[in-house]
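Working notes, beginning with the structure itself.
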Amino acid sequence: MIEIYLIDPKQISSVDMSTLYHSLTDEEQAKIKPLHENRRDEFIIGHGLLKSLLASKYNITSPLKYNEHGKPFVEGAHFNITHTKGLVLLAFGDCEIGIDVENLARQKDWQKIVDRYFHPMEQKFITDQDLFYQLWTKKESLLKCNGRGITVELNSFDVLEDSIEFDGQEYFFAQLPLPDGFTGHIC
């Protein structure tokens, strides 16, 4: 079973934001200092609520650990976190999961990214920014699920199908039902 929590950062009061901030470790607080205010708020909300949910759902209060690629984890729970301007998502499951979301209003020079980082089969498929973000969120969710992050050559594999064999394991994708203006996938 998978549970997904969708949070609109604008709905978090300043009092709640302060409480969430103080739930972060000194290391996490230091990590957010250089971030832009919106990114900082998304991090605080995501990580603060993650800790709250880990405590209430799993009775886990130990600090988050991070693997060598930066993926947060704790013993006894499978979860993942993602955020973009205007939305924070938390996912919990009974196996390793990865989740990614993008705000479609974020303008990127997507064609240059496609040409450099996408598999040749994907390059033929992607004709606009929406398709770019569809495949980008699938790639990100896979690498977050796998725990490797973007340490793999992104053009060495394609995510055109709803499943993929990667590193000797089969992974499955599902598109997330999100508010207008956002797209995302879970793996």
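Order determines the names: the first chain of the structure tokens is A, the second B, and so forth; residues in each chain are numbered 1 upward, and ligands are numbered 1 upward as they are shown.
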(Q) Taking only region 6-184 of chain A into account, list the residues labelled helix (DSSP H, G or I) by DSSP (computed from the backbone), as number ranges by chain. (A) A: 9-11, 14-22, 26-32, 37-58, 110-117, 120-125, 129-146, 154-156
Q: Within 8 Å of Lys71 (chain A), counting only C-alpha atoms, which residues show up once you throw out same-chain ones fewer than 5 positions away? Write them as a list in words, please.
A: Tyr66, Lys144, Gly147, Arg148 and Gly149 of chain A
Q: Do a neighbour search on Ser163 (chain A) at 7 Å with only C-alpha atoms, toss out local chain neighbours closer than 6 positions, and write the hits as a list in words.
A: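 Residues meeting the cut-off are Glu170, Tyr171, Phe172 and Phe173 of chain A.
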Q: Name all residues at most 12 Å from region 123-129 of chain A (count only C-alpha atoms; drop same-chain ones fewer than 3 positions away) and give them as a PyMOL selection string.
A: chain A and resi 102-120+132-136+154-155+157-161+183
Mind writing the picked residues with N, CA and C atoms as an mmCIF file, in the first residue's frame?
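Resulting contents of selection07.cif:
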```
data_model
loop_
_atom_site.group_PDB
_atom_site.id
_atom_site.type_symbol
_atom_site.label_atom_id
_atom_site.label_comp_id
_atom_site.auth_asym_id
_atom_site.auth_seq_id
_atom_site.Cartn_x
_atom_site.Cartn_y
_atom_site.Cartn_z
ATOM 1 N N GLU A 102 7.011 18.227 -10.482
ATOM 2 C CA GLU A 102 7.511 19.455 -11.092
ATOM 3 C C GLU A 102 6.353 20.417 -11.315
ATOM 4 N N ASN A 103 6.649 21.684 -11.169
ATOM 5 C CA ASN A 103 5.702 22.751 -11.467
ATOM 6 C C ASN A 103 5.850 23.069 -12.959
ATOM 7 N N LEU A 104 4.778 22.880 -13.714
ATOM 8 C CA LEU A 104 4.848 23.061 -15.169
ATOM 9 C C LEU A 104 5.096 24.512 -15.581
ATOM 10 N N ALA A 105 4.872 25.442 -14.666
ATOM 11 C CA ALA A 105 5.119 26.853 -14.986
ATOM 12 C C ALA A 105 6.604 27.194 -14.926
ATOM 13 N N ARG A 106 7.400 26.319 -14.302
ATOM 14 C CA ARG A 106 8.848 26.546 -14.247
ATOM 15 C C ARG A 106 9.422 26.429 -15.643
ATOM 16 N N GLN A 107 9.954 27.493 -16.131
ATOM 17 C CA GLN A 107 10.510 27.497 -17.484
ATOM 18 C C GLN A 107 11.950 27.006 -17.448
ATOM 19 N N LYS A 108 12.204 26.033 -18.273
ATOM 20 C CA LYS A 108 13.570 25.514 -18.427
ATOM 21 C C LYS A 108 13.870 25.485 -19.908
ATOM 22 N N ASP A 109 15.137 25.517 -20.220
ATOM 23 C CA ASP A 109 15.544 25.309 -21.602
ATOM 24 C C ASP A 109 15.535 23.801 -21.821
ATOM 25 N N TRP A 110 14.319 23.245 -21.889
ATOM 26 C CA TRP A 110 14.134 21.797 -21.887
ATOM 27 C C TRP A 110 14.801 21.111 -23.075
ATOM 28 N N GLN A 111 14.837 21.747 -24.223
ATOM 29 C CA GLN A 111 15.417 21.087 -25.393
ATOM 30 C C GLN A 111 16.909 20.810 -25.197
ATOM 31 N N LYS A 112 17.637 21.737 -24.602
ATOM 32 C CA LYS A 112 19.063 21.506 -24.337
ATOM 33 C C LYS A 112 19.249 20.364 -23.338
ATOM 34 N N ILE A 113 18.373 20.287 -22.352
ATOM 35 C CA ILE A 113 18.448 19.206 -21.362
ATOM 36 C C ILE A 113 18.144 17.869 -22.033
ATOM 37 N N VAL A 114 17.124 17.844 -22.877
ATOM 38 C CA VAL A 114 16.770 16.616 -23.597
ATOM 39 C C VAL A 114 17.946 16.153 -24.447
ATOM 40 N N ASP A 115 18.528 17.079 -25.211
ATOM 41 C CA ASP A 115 19.639 16.731 -26.103
ATOM 42 C C ASP A 115 20.837 16.173 -25.343
ATOM 43 N N ARG A 116 21.062 16.662 -24.153
ATOM 44 C CA ARG A 116 22.254 16.264 -23.403
ATOM 45 C C ARG A 116 22.022 15.059 -22.485
ATOM 46 N N TYR A 117 20.841 14.978 -21.858
ATOM 47 C CA TYR A 117 20.667 14.003 -20.786
ATOM 48 C C TYR A 117 19.649 12.891 -21.056
ATOM 49 N N PHE A 118 18.963 12.934 -22.160
ATOM 50 C CA PHE A 118 17.932 11.935 -22.404
ATOM 51 C C PHE A 118 18.398 10.897 -23.431
ATOM 52 N N HIS A 119 17.910 9.700 -23.259
ATOM 53 C CA HIS A 119 18.193 8.578 -24.154
ATOM 54 C C HIS A 119 17.717 8.938 -25.567
ATOM 55 N N PRO A 120 18.393 8.461 -26.617
ATOM 56 C CA PRO A 120 17.978 8.779 -27.991
ATOM 57 C C PRO A 120 16.502 8.453 -28.288
ATOM 58 N N PHE A 132 8.552 16.666 -21.707
ATOM 59 C CA PHE A 132 9.844 16.709 -21.020
ATOM 60 C C PHE A 132 9.655 16.446 -19.529
ATOM 61 N N TYR A 133 8.731 17.186 -18.897
ATOM 62 C CA TYR A 133 8.519 17.018 -17.461
ATOM 63 C C TYR A 133 7.944 15.644 -17.121
ATOM 64 N N GLN A 134 7.120 15.073 -18.008
ATOM 65 C CA GLN A 134 6.598 13.723 -17.779
ATOM 66 C C GLN A 134 7.749 12.727 -17.633
ATOM 67 N N LEU A 135 8.660 12.758 -18.581
ATOM 68 C CA LEU A 135 9.767 11.805 -18.541
ATOM 69 C C LEU A 135 10.797 12.163 -17.467
ATOM 70 N N TRP A 136 10.990 13.453 -17.243
ATOM 71 C CA TRP A 136 11.932 13.872 -16.201
ATOM 72 C C TRP A 136 11.478 13.355 -14.839
ATOM 73 N N LEU A 154 22.033 9.795 -17.259
ATOM 74 C CA LEU A 154 20.595 9.825 -17.524
ATOM 75 C C LEU A 154 20.242 9.370 -18.941
ATOM 76 N N ASN A 155 21.187 9.484 -19.858
ATOM 77 C CA ASN A 155 20.897 9.064 -21.236
ATOM 78 C C ASN A 155 21.208 7.584 -21.466
ATOM 79 N N PHE A 157 19.513 5.094 -20.145
ATOM 80 C CA PHE A 157 18.286 4.314 -20.020
ATOM 81 C C PHE A 157 17.096 5.178 -20.419
ATOM 82 N N ASP A 158 16.000 4.514 -20.827
ATOM 83 C CA ASP A 158 14.799 5.277 -21.166
ATOM 84 C C ASP A 158 13.645 4.844 -20.275
ATOM 85 N N VAL A 159 12.712 5.762 -20.075
ATOM 86 C CA VAL A 159 11.543 5.513 -19.227
ATOM 87 C C VAL A 159 10.249 5.713 -20.028
ATOM 88 N N LEU A 160 10.266 5.259 -21.272
ATOM 89 C CA LEU A 160 9.088 5.434 -22.127
ATOM 90 C C LEU A 160 7.945 4.499 -21.752
ATOM 91 N N GLU A 161 8.261 3.391 -21.115
ATOM 92 C CA GLU A 161 7.226 2.426 -20.719
ATOM 93 C C GLU A 161 6.833 2.656 -19.258
ATOM 94 N N THR A 183 3.001 18.134 -12.530
ATOM 95 C CA THR A 183 3.059 16.750 -13.001
ATOM 96 C C THR A 183 4.041 16.001 -12.133
#
```
Q | Distance of CA of Gly48 (chain A) from CA of Ser23 (chain A), expressed in Å to one decimal place | A |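 Separation of CA of Ser23 (chain A) and CA of Gly48 (chain A): 5.9 Å.
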(Q) Using only C-alpha atoms for the distances, tell me which of A:Lys33, A:Ser52, A:Ile4, A:Ile44 is nearest to Tyr21 (chain A). (A)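 Closest to Tyr21 (chain A) of all the choices is A:Ile44.
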Q: Would you kindly return, as number ranges by chain, each protein, DNA or RNA residue with an atom no farther than 9 Å from any atom of Gly86 (chain A), considering only C-alpha atoms and excluding same-chain residues fewer than 3 positions away?
A: A: 7-10, 38, 42, 83, 103
For C-alpha atoms, I'd like the residues from the last selection saved as a PDB file, in the first residue's frame.
```pdb
ATOM      1  CA  ILE A   7       0.793  19.842   0.946  1.00  0.00           C
ATOM      2  CA  ASP A   8       0.280  23.362  -0.364  1.00  0.00           C
ATOM      3  CA  PRO A   9       2.970  25.453   1.367  1.00  0.00           C
ATOM      4  CA  LYS A  10       0.679  28.499   1.376  1.00  0.00           C
ATOM      5  CA  ASN A  38      10.456  29.322  -1.328  1.00  0.00           C
ATOM      6  CA  GLU A  42       9.391  23.630   1.012  1.00  0.00           C
ATOM      7  CA  HIS A  83       8.901  19.437  -3.596  1.00  0.00           C
ATOM      8  CA  ASN A 103       5.702  22.751 -11.467  1.00  0.00           C
TER       9      ASN A 103
END
```
Q: Write out as a VMD selection string which residues come within 6 Å of Ser141 (chain A) when counting only C-alpha atoms, dropping same-chain ones fewer than 6 positions away.
A: chain A and resid 98 to 100 186 to 187
Q: Have a look at A:Leu64, A:Cys145, A:Met1, A:Val15 and name the one nearest to Glu28 (chain A); count only C-alpha atoms.
A: A:Leu64
Q: Check chain A with DSSP on the backbone and list each residue it calls strand (DSSP E), as a VMD selection string.
A: chain A and resid 2 to 7 65 to 66 72 to 73 78 to 84 87 to 93 99 to 103 163 to 166 169 to 172 174 to 175 182 to 186
Q. What does the distance between CA of Met17 (chain A) and CA of Tyr58 (chain A) come to in Å, to one decimal place?
A.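 So the two atoms, CA of Met17 (chain A) and CA of Tyr58 (chain A), lie 22.7 Å apart.
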